[in-house]
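Here's final-v3.txt, which has compact mmCIF, C-alpha atoms:
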```txt
# COMPACT_ATOMS: atom_id res chain seq x y z
CA MET A 1 -14.79 -10.79 -6.43
CA ILE A 2 -11.23 -10.18 -5.25
CA VAL A 3 -8.67 -8.08 -7.14
CA GLU A 4 -5.07 -8.12 -5.94
CA LEU A 5 -1.94 -6.09 -6.47
CA GLU A 6 1.08 -7.98 -5.13
CA GLY A 7 4.52 -6.48 -4.70
CA LEU A 8 3.68 -2.94 -5.80
CA GLU A 9 7.02 -1.16 -5.36
CA VAL A 10 6.85 2.49 -4.28
CA PHE A 11 9.73 4.65 -3.12
CA GLY A 12 9.11 6.39 0.19
CA ARG A 13 10.85 8.34 2.91
CA HIS A 14 9.38 6.58 5.92
CA GLY A 15 10.89 5.31 9.14
CA VAL A 16 11.86 6.21 12.66
CA LEU A 17 15.50 6.97 11.88
CA GLU A 18 16.53 10.25 10.30
CA ASP A 19 18.55 8.56 7.55
CA GLU A 20 15.52 6.45 6.58
CA ARG A 21 13.47 9.58 6.01
CA ARG A 22 16.34 11.45 4.34
CA ASP A 23 17.54 8.71 1.97
CA GLY A 24 14.32 6.76 1.52
CA ARG A 25 13.87 3.25 0.19
CA ASN A 26 11.44 1.12 -1.75
CA PHE A 27 8.45 -0.26 0.11
CA PHE A 28 6.35 -3.14 -1.19
CA TYR A 29 2.56 -3.12 -1.04
CA ASP A 30 0.29 -6.14 -1.29
CA ILE A 31 -3.28 -4.98 -1.79
CA SER A 32 -6.43 -7.08 -1.86
CA LEU A 33 -9.67 -5.41 -2.93
CA GLU A 34 -13.07 -6.98 -2.51
CA VAL A 35 -15.18 -5.47 -5.28
CA SER A 36 -18.66 -6.02 -6.65
CA ASP A 37 -19.34 -8.55 -9.37
CA ALA A 38 -20.04 -5.67 -11.77
CA ALA A 39 -16.53 -6.15 -13.15
CA LEU A 40 -17.75 -9.43 -14.67
CA SER A 41 -19.30 -7.25 -17.37
CA ASP A 42 -15.74 -6.94 -18.73
CA ARG A 43 -16.10 -3.15 -18.90
CA LEU A 44 -13.53 -0.97 -17.16
CA GLU A 45 -16.08 1.65 -16.16
CA TYR A 46 -17.75 -0.94 -13.89
CA ALA A 47 -14.50 -2.12 -12.32
CA VAL A 48 -11.93 -0.69 -9.94
CA ASP A 49 -8.98 0.29 -12.12
CA TYR A 50 -5.91 -1.08 -10.35
CA ARG A 51 -3.75 1.51 -12.15
CA GLU A 52 -5.65 4.18 -10.23
CA VAL A 53 -5.27 2.21 -7.00
CA ALA A 54 -1.49 2.06 -7.57
CA ALA A 55 -1.44 5.81 -8.20
CA CYS A 56 -3.38 6.33 -4.96
CA VAL A 57 -0.77 4.34 -3.02
CA GLN A 58 2.00 6.50 -4.49
CA GLU A 59 0.10 9.70 -3.65
CA VAL A 60 -0.24 8.67 -0.01
CA SER A 61 3.43 7.69 0.19
CA ASP A 62 4.60 10.90 -1.49
CA GLY A 63 2.24 13.10 0.49
CA ARG A 64 3.65 12.51 3.95
CA GLN A 65 6.52 10.93 5.85
CA PHE A 66 5.42 8.21 8.24
CA GLN A 67 7.53 6.97 11.11
CA LEU A 68 5.68 3.67 11.40
CA ILE A 69 4.65 1.35 8.60
CA GLU A 70 1.50 0.65 10.62
CA ALA A 71 0.41 4.25 10.10
CA LEU A 72 1.41 4.11 6.43
CA ALA A 73 -0.65 0.95 5.85
CA ALA A 74 -3.66 2.50 7.61
CA ALA A 75 -3.40 5.73 5.58
CA VAL A 76 -3.29 3.77 2.32
CA ALA A 77 -6.27 1.62 3.33
CA ASP A 78 -8.24 4.72 4.35
CA ALA A 79 -7.48 6.46 1.06
CA ILE A 80 -8.56 3.44 -0.97
CA VAL A 81 -11.94 3.07 0.75
CA GLU A 82 -12.52 6.82 0.39
CA ARG A 83 -11.77 6.89 -3.35
CA PHE A 84 -12.94 3.56 -4.73
CA PRO A 85 -16.14 1.49 -4.58
CA VAL A 86 -14.69 -1.42 -2.64
CA GLU A 87 -16.44 -3.61 -0.09
CA HIS A 88 -13.23 -4.40 1.77
CA VAL A 89 -9.52 -3.65 1.42
CA ARG A 90 -6.46 -5.29 2.93
CA VAL A 91 -3.14 -3.45 2.64
CA ARG A 92 0.14 -5.03 3.63
CA VAL A 93 3.22 -2.80 3.60
CA ARG A 94 6.60 -4.50 3.61
CA LYS A 95 9.82 -2.72 4.51
CA PRO A 96 12.76 -4.76 3.18
CA ASP A 97 15.88 -5.37 5.24
CA PRO A 98 14.94 -3.35 8.34
CA ARG A 99 17.93 -4.69 10.35
CA PRO A 100 16.40 -4.61 13.82
CA ALA A 101 19.16 -4.53 16.44
CA GLY A 102 21.68 -5.27 13.70
CA LEU A 103 20.10 -8.66 12.89
CA GLN A 104 19.30 -9.88 9.38
CA VAL A 105 15.57 -9.86 8.55
CA ALA A 106 14.03 -10.16 5.08
CA TYR A 107 11.37 -7.54 5.82
CA SER A 108 9.06 -6.11 8.42
CA ALA A 109 5.38 -5.69 7.59
CA ALA A 110 2.15 -4.15 8.78
CA ILE A 111 -1.37 -4.95 7.66
CA ALA A 112 -4.41 -2.67 7.71
CA GLU A 113 -7.92 -3.74 6.77
CA ARG A 114 -10.92 -1.55 6.18
CA ALA A 115 -14.53 -2.05 5.21
CA GLY A 116 -15.75 0.03 2.31
CA SER A 117 -19.15 1.33 1.46
```
As a first step, turn the structure in this file into structure tokens.
Amino acid sequence: MIVELEGLEVFGRHGVLEDERRDGRNFFYDISLEVSDAALSDRLEYAVDYREVAACVQEVSDGRQFQLIEALAAAVADAIVERFPVEHVRVRVRKPDPRPAGLQVAYSAAIAERAGS
């Protein structure tokens, strides 16, 4: 069973440049959770509550400033497998309008995947 959160918007103060860390911006998270079929029982206590997953993402983002979105994606993936009964997690972090070398780009992204327990 796969549960997804697409486009979770979380403000963060991440980036290589000082103004990125000072001013911050919204980052977008696409999260795919492979969970057991226990959720088919239609009972929340047997499922992974995606509200809690979203709160976990915000805690990681608020808890530290990352220079690289690769490290941010990895930290979020690690936190999810530590806190939730997932078989696998895939976290994609998108940074909108990064403007590399002054060029227009919709977003940059990094993906981290982890196996759960």
Can you list, as an MDAnalysis selection string, every protein, DNA or RNA residue that comes within 10 Å of Gly7 in chain A when you count all atoms listed in the file, leaving out same-chain residues fewer than 5 positions away? chainID A and resid 27:31 92:94
Which protein, DNA or RNA residues are at most 12 Å from (2.8, 4.9, -6.6) in the file's coordinates when you count all atoms listed in the file, listed as a VMD selection string? chain A and resid 5 7 to 12 26 to 29 50 to 63 76
Writing out the chosen residues with C-alpha atoms as a CSV table (one decimal), in the coordinates of the input:
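Once written, selection-v7.csv looks like this:
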```csv
chain,number,residue,atom,x,y,z
A,5,LEU,CA,-1.9,-6.1,-6.5
A,7,GLY,CA,4.5,-6.5,-4.7
A,8,LEU,CA,3.7,-2.9,-5.8
A,9,GLU,CA,7.0,-1.2,-5.4
A,10,VAL,CA,6.8,2.5,-4.3
A,11,PHE,CA,9.7,4.6,-3.1
A,12,GLY,CA,9.1,6.4,0.2
A,26,ASN,CA,11.4,1.1,-1.8
A,27,PHE,CA,8.4,-0.3,0.1
A,28,PHE,CA,6.4,-3.1,-1.2
A,29,TYR,CA,2.6,-3.1,-1.0
A,50,TYR,CA,-5.9,-1.1,-10.4
A,51,ARG,CA,-3.8,1.5,-12.2
A,52,GLU,CA,-5.6,4.2,-10.2
A,53,VAL,CA,-5.3,2.2,-7.0
A,54,ALA,CA,-1.5,2.1,-7.6
A,55,ALA,CA,-1.4,5.8,-8.2
A,56,CYS,CA,-3.4,6.3,-5.0
A,57,VAL,CA,-0.8,4.3,-3.0
A,58,GLN,CA,2.0,6.5,-4.5
A,59,GLU,CA,0.1,9.7,-3.6
A,60,VAL,CA,-0.2,8.7,0.0
A,61,SER,CA,3.4,7.7,0.2
A,62,ASP,CA,4.6,10.9,-1.5
A,63,GLY,CA,2.2,13.1,0.5
A,76,VAL,CA,-3.3,3.8,2.3
```
Can you work out which one of A:Ala106, A:Leu33, A:Leu17, A:Ile69 has the shortest atom-to-atom distance to Met1 in chain A, counting only C-alpha atoms?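 Counting only C-alpha atoms, the residue closest to Met1 in chain A is A:Leu33.
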Please measure the separation of CA of Gln67 in chain A and CA of Ala109 in chain A, giving the value in Å to one decimal. 13.3 Å
Is it possible to get the residues within 9 Å of (-4.5, 1.3, 5.1) (coordinates as in the file, counting only C-alpha atoms) written as a list in words?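 Returned residue set, sorted by chain then number, is Glu70, Ala71, Leu72, Ala73, Ala74, Ala75, Val76, Ala77, Asp78, Ala79, Ile80, Val81, Val89, Arg90, Val91, Arg92, Val93, Ile111, Ala112, Glu113 and Arg114 of chain A.
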Between A:Val35, A:Arg99, A:Glu45, A:Arg64, which has the minimum distance to Glu4 in chain A (counting only C-alpha atoms)?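 Closest to Glu4 in chain A of all the choices is A:Val35.
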I'd like the interatomic distance between CA of Ser32 in chain A and CA of Ile2 in chain A, to a tenth of an Å.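 Separating CA of Ser32 in chain A from CA of Ile2 in chain A is a distance of 6.6 Å.
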Near Ala39 in chain A, counting only C-alpha atoms, which residues have an atom at most 12 Å away, once you skip same-chain residues fewer than 6 positions from it, shown as a ChimeraX atom specification? /A:1-3,45-49,85-86
What does the file look like for those residues with C-alpha atoms, as an mmCIF file, keeping the file's coordinate frame?
```
data_model
loop_
_atom_site.group_PDB
_atom_site.id
_atom_site.type_symbol
_atom_site.label_atom_id
_atom_site.label_comp_id
_atom_site.auth_asym_id
_atom_site.auth_seq_id
_atom_site.Cartn_x
_atom_site.Cartn_y
_atom_site.Cartn_z
ATOM 1 C CA MET A 1 -14.790 -10.790 -6.430
ATOM 2 C CA ILE A 2 -11.230 -10.180 -5.250
ATOM 3 C CA VAL A 3 -8.670 -8.080 -7.140
ATOM 4 C CA GLU A 45 -16.080 1.650 -16.160
ATOM 5 C CA TYR A 46 -17.750 -0.940 -13.890
ATOM 6 C CA ALA A 47 -14.500 -2.120 -12.320
ATOM 7 C CA VAL A 48 -11.930 -0.690 -9.940
ATOM 8 C CA ASP A 49 -8.980 0.290 -12.120
ATOM 9 C CA PRO A 85 -16.140 1.490 -4.580
ATOM 10 C CA VAL A 86 -14.690 -1.420 -2.640
#
```
Shortest interatomic distance to Val16 in chain A - which of A:Gly102, A:Ala38, A:Leu68, A:Glu82, counting only C-alpha atoms: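 Checking each of A:Gly102, A:Ala38, A:Leu68, A:Glu82 against Val16 in chain A, counting only C-alpha atoms, the winner is A:Leu68.
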From CA of Lys95 in chain A to CA of Arg22 in chain A the spacing works out at 15.6 Å
Closest of A:Phe66, A:Ser36, A:Ser41, A:Leu103 to Gly24 in chain A, counting all atoms listed in the file, is A:Phe66
Student task, range 30-42 of chain A output with all heavy atoms as an mmCIF file, in the first residue's frame:
```cif
data_model
loop_
_atom_site.group_PDB
_atom_site.id
_atom_site.type_symbol
_atom_site.label_atom_id
_atom_site.label_comp_id
_atom_site.auth_asym_id
_atom_site.auth_seq_id
_atom_site.Cartn_x
_atom_site.Cartn_y
_atom_site.Cartn_z
ATOM 1 N N ASP A 30 7.370 16.173 -1.647
ATOM 2 C CA ASP A 30 6.558 15.095 -2.193
ATOM 3 C C ASP A 30 7.025 13.825 -1.480
ATOM 4 O O ASP A 30 8.195 13.446 -1.593
ATOM 5 C CB ASP A 30 6.762 14.961 -3.698
ATOM 6 C CG ASP A 30 6.433 16.259 -4.434
ATOM 7 O OD1 ASP A 30 5.456 16.927 -4.057
ATOM 8 O OD2 ASP A 30 7.155 16.594 -5.383
ATOM 9 N N ILE A 31 6.116 13.213 -0.749
ATOM 10 C CA ILE A 31 6.478 12.081 0.105
ATOM 11 C C ILE A 31 5.641 10.868 -0.267
ATOM 12 O O ILE A 31 4.414 10.955 -0.365
ATOM 13 C CB ILE A 31 6.280 12.437 1.589
ATOM 14 C CG1 ILE A 31 7.163 13.638 1.934
ATOM 15 C CG2 ILE A 31 6.574 11.244 2.482
ATOM 16 C CD1 ILE A 31 6.881 14.240 3.268
ATOM 17 N N SER A 32 6.316 9.756 -0.480
ATOM 18 C CA SER A 32 5.652 8.499 -0.779
ATOM 19 C C SER A 32 6.028 7.504 0.316
ATOM 20 O O SER A 32 7.216 7.267 0.561
ATOM 21 C CB SER A 32 6.105 7.986 -2.152
ATOM 22 O OG SER A 32 5.515 6.746 -2.418
ATOM 23 N N LEU A 33 5.019 6.956 0.957
ATOM 24 C CA LEU A 33 5.210 6.017 2.062
ATOM 25 C C LEU A 33 4.672 4.654 1.659
ATOM 26 O O LEU A 33 3.508 4.534 1.272
ATOM 27 C CB LEU A 33 4.450 6.482 3.307
ATOM 28 C CG LEU A 33 4.694 7.909 3.793
ATOM 29 C CD1 LEU A 33 3.625 8.306 4.782
ATOM 30 C CD2 LEU A 33 6.072 8.013 4.395
ATOM 31 N N GLU A 34 5.508 3.641 1.747
ATOM 32 C CA GLU A 34 5.022 2.283 1.567
ATOM 33 C C GLU A 34 4.692 1.751 2.955
ATOM 34 O O GLU A 34 5.571 1.662 3.824
ATOM 35 C CB GLU A 34 6.078 1.415 0.891
ATOM 36 C CG GLU A 34 5.563 0.047 0.531
ATOM 37 C CD GLU A 34 6.570 -0.772 -0.252
ATOM 38 O OE1 GLU A 34 7.469 -0.180 -0.893
ATOM 39 O OE2 GLU A 34 6.465 -2.008 -0.201
ATOM 40 N N VAL A 35 3.422 1.447 3.160
ATOM 41 C CA VAL A 35 2.945 1.022 4.478
ATOM 42 C C VAL A 35 2.298 -0.351 4.370
ATOM 43 O O VAL A 35 1.989 -0.826 3.277
ATOM 44 C CB VAL A 35 1.941 2.047 5.061
ATOM 45 C CG1 VAL A 35 2.609 3.400 5.250
ATOM 46 C CG2 VAL A 35 0.710 2.184 4.184
ATOM 47 N N SER A 36 2.060 -0.969 5.510
ATOM 48 C CA SER A 36 1.442 -2.295 5.512
ATOM 49 C C SER A 36 -0.022 -2.189 5.097
ATOM 50 O O SER A 36 -0.625 -1.107 5.140
ATOM 51 C CB SER A 36 1.556 -2.935 6.894
ATOM 52 O OG SER A 36 0.589 -2.395 7.761
ATOM 53 N N ASP A 37 -0.588 -3.299 4.754
ATOM 54 C CA ASP A 37 -1.999 -3.346 4.370
ATOM 55 C C ASP A 37 -2.935 -3.239 5.570
ATOM 56 O O ASP A 37 -4.154 -3.299 5.420
ATOM 57 C CB ASP A 37 -2.296 -4.620 3.590
ATOM 58 C CG ASP A 37 -1.736 -4.582 2.183
ATOM 59 O OD1 ASP A 37 -1.459 -3.477 1.677
ATOM 60 O OD2 ASP A 37 -1.574 -5.665 1.582
ATOM 61 N N ALA A 38 -2.390 -3.051 6.765
ATOM 62 C CA ALA A 38 -3.236 -2.917 7.955
ATOM 63 C C ALA A 38 -4.189 -1.731 7.837
ATOM 64 O O ALA A 38 -5.275 -1.738 8.413
ATOM 65 C CB ALA A 38 -2.362 -2.778 9.205
ATOM 66 N N ALA A 39 -3.807 -0.725 7.067
ATOM 67 C CA ALA A 39 -4.675 0.442 6.898
ATOM 68 C C ALA A 39 -5.984 0.086 6.198
ATOM 69 O O ALA A 39 -6.962 0.833 6.283
ATOM 70 C CB ALA A 39 -3.944 1.526 6.117
ATOM 71 N N LEU A 40 -6.020 -1.057 5.527
ATOM 72 C CA LEU A 40 -7.249 -1.480 4.858
ATOM 73 C C LEU A 40 -8.374 -1.752 5.852
ATOM 74 O O LEU A 40 -9.535 -1.840 5.469
ATOM 75 C CB LEU A 40 -6.982 -2.714 3.997
ATOM 76 C CG LEU A 40 -6.005 -2.501 2.836
ATOM 77 C CD1 LEU A 40 -5.731 -3.818 2.127
ATOM 78 C CD2 LEU A 40 -6.530 -1.457 1.873
ATOM 79 N N SER A 41 -8.023 -1.844 7.132
ATOM 80 C CA SER A 41 -9.027 -2.028 8.177
ATOM 81 C C SER A 41 -9.913 -0.793 8.331
ATOM 82 O O SER A 41 -10.953 -0.852 8.970
ATOM 83 C CB SER A 41 -8.349 -2.309 9.520
ATOM 84 O OG SER A 41 -7.680 -1.121 9.956
ATOM 85 N N ASP A 42 -9.452 0.334 7.729
ATOM 86 C CA ASP A 42 -10.166 1.610 7.810
ATOM 87 C C ASP A 42 -10.170 2.174 9.231
ATOM 88 O O ASP A 42 -11.060 2.914 9.623
ATOM 89 C CB ASP A 42 -11.593 1.477 7.270
ATOM 90 C CG ASP A 42 -12.192 2.832 6.893
ATOM 91 O OD1 ASP A 42 -11.419 3.737 6.505
ATOM 92 O OD2 ASP A 42 -13.421 3.000 6.986
#
```
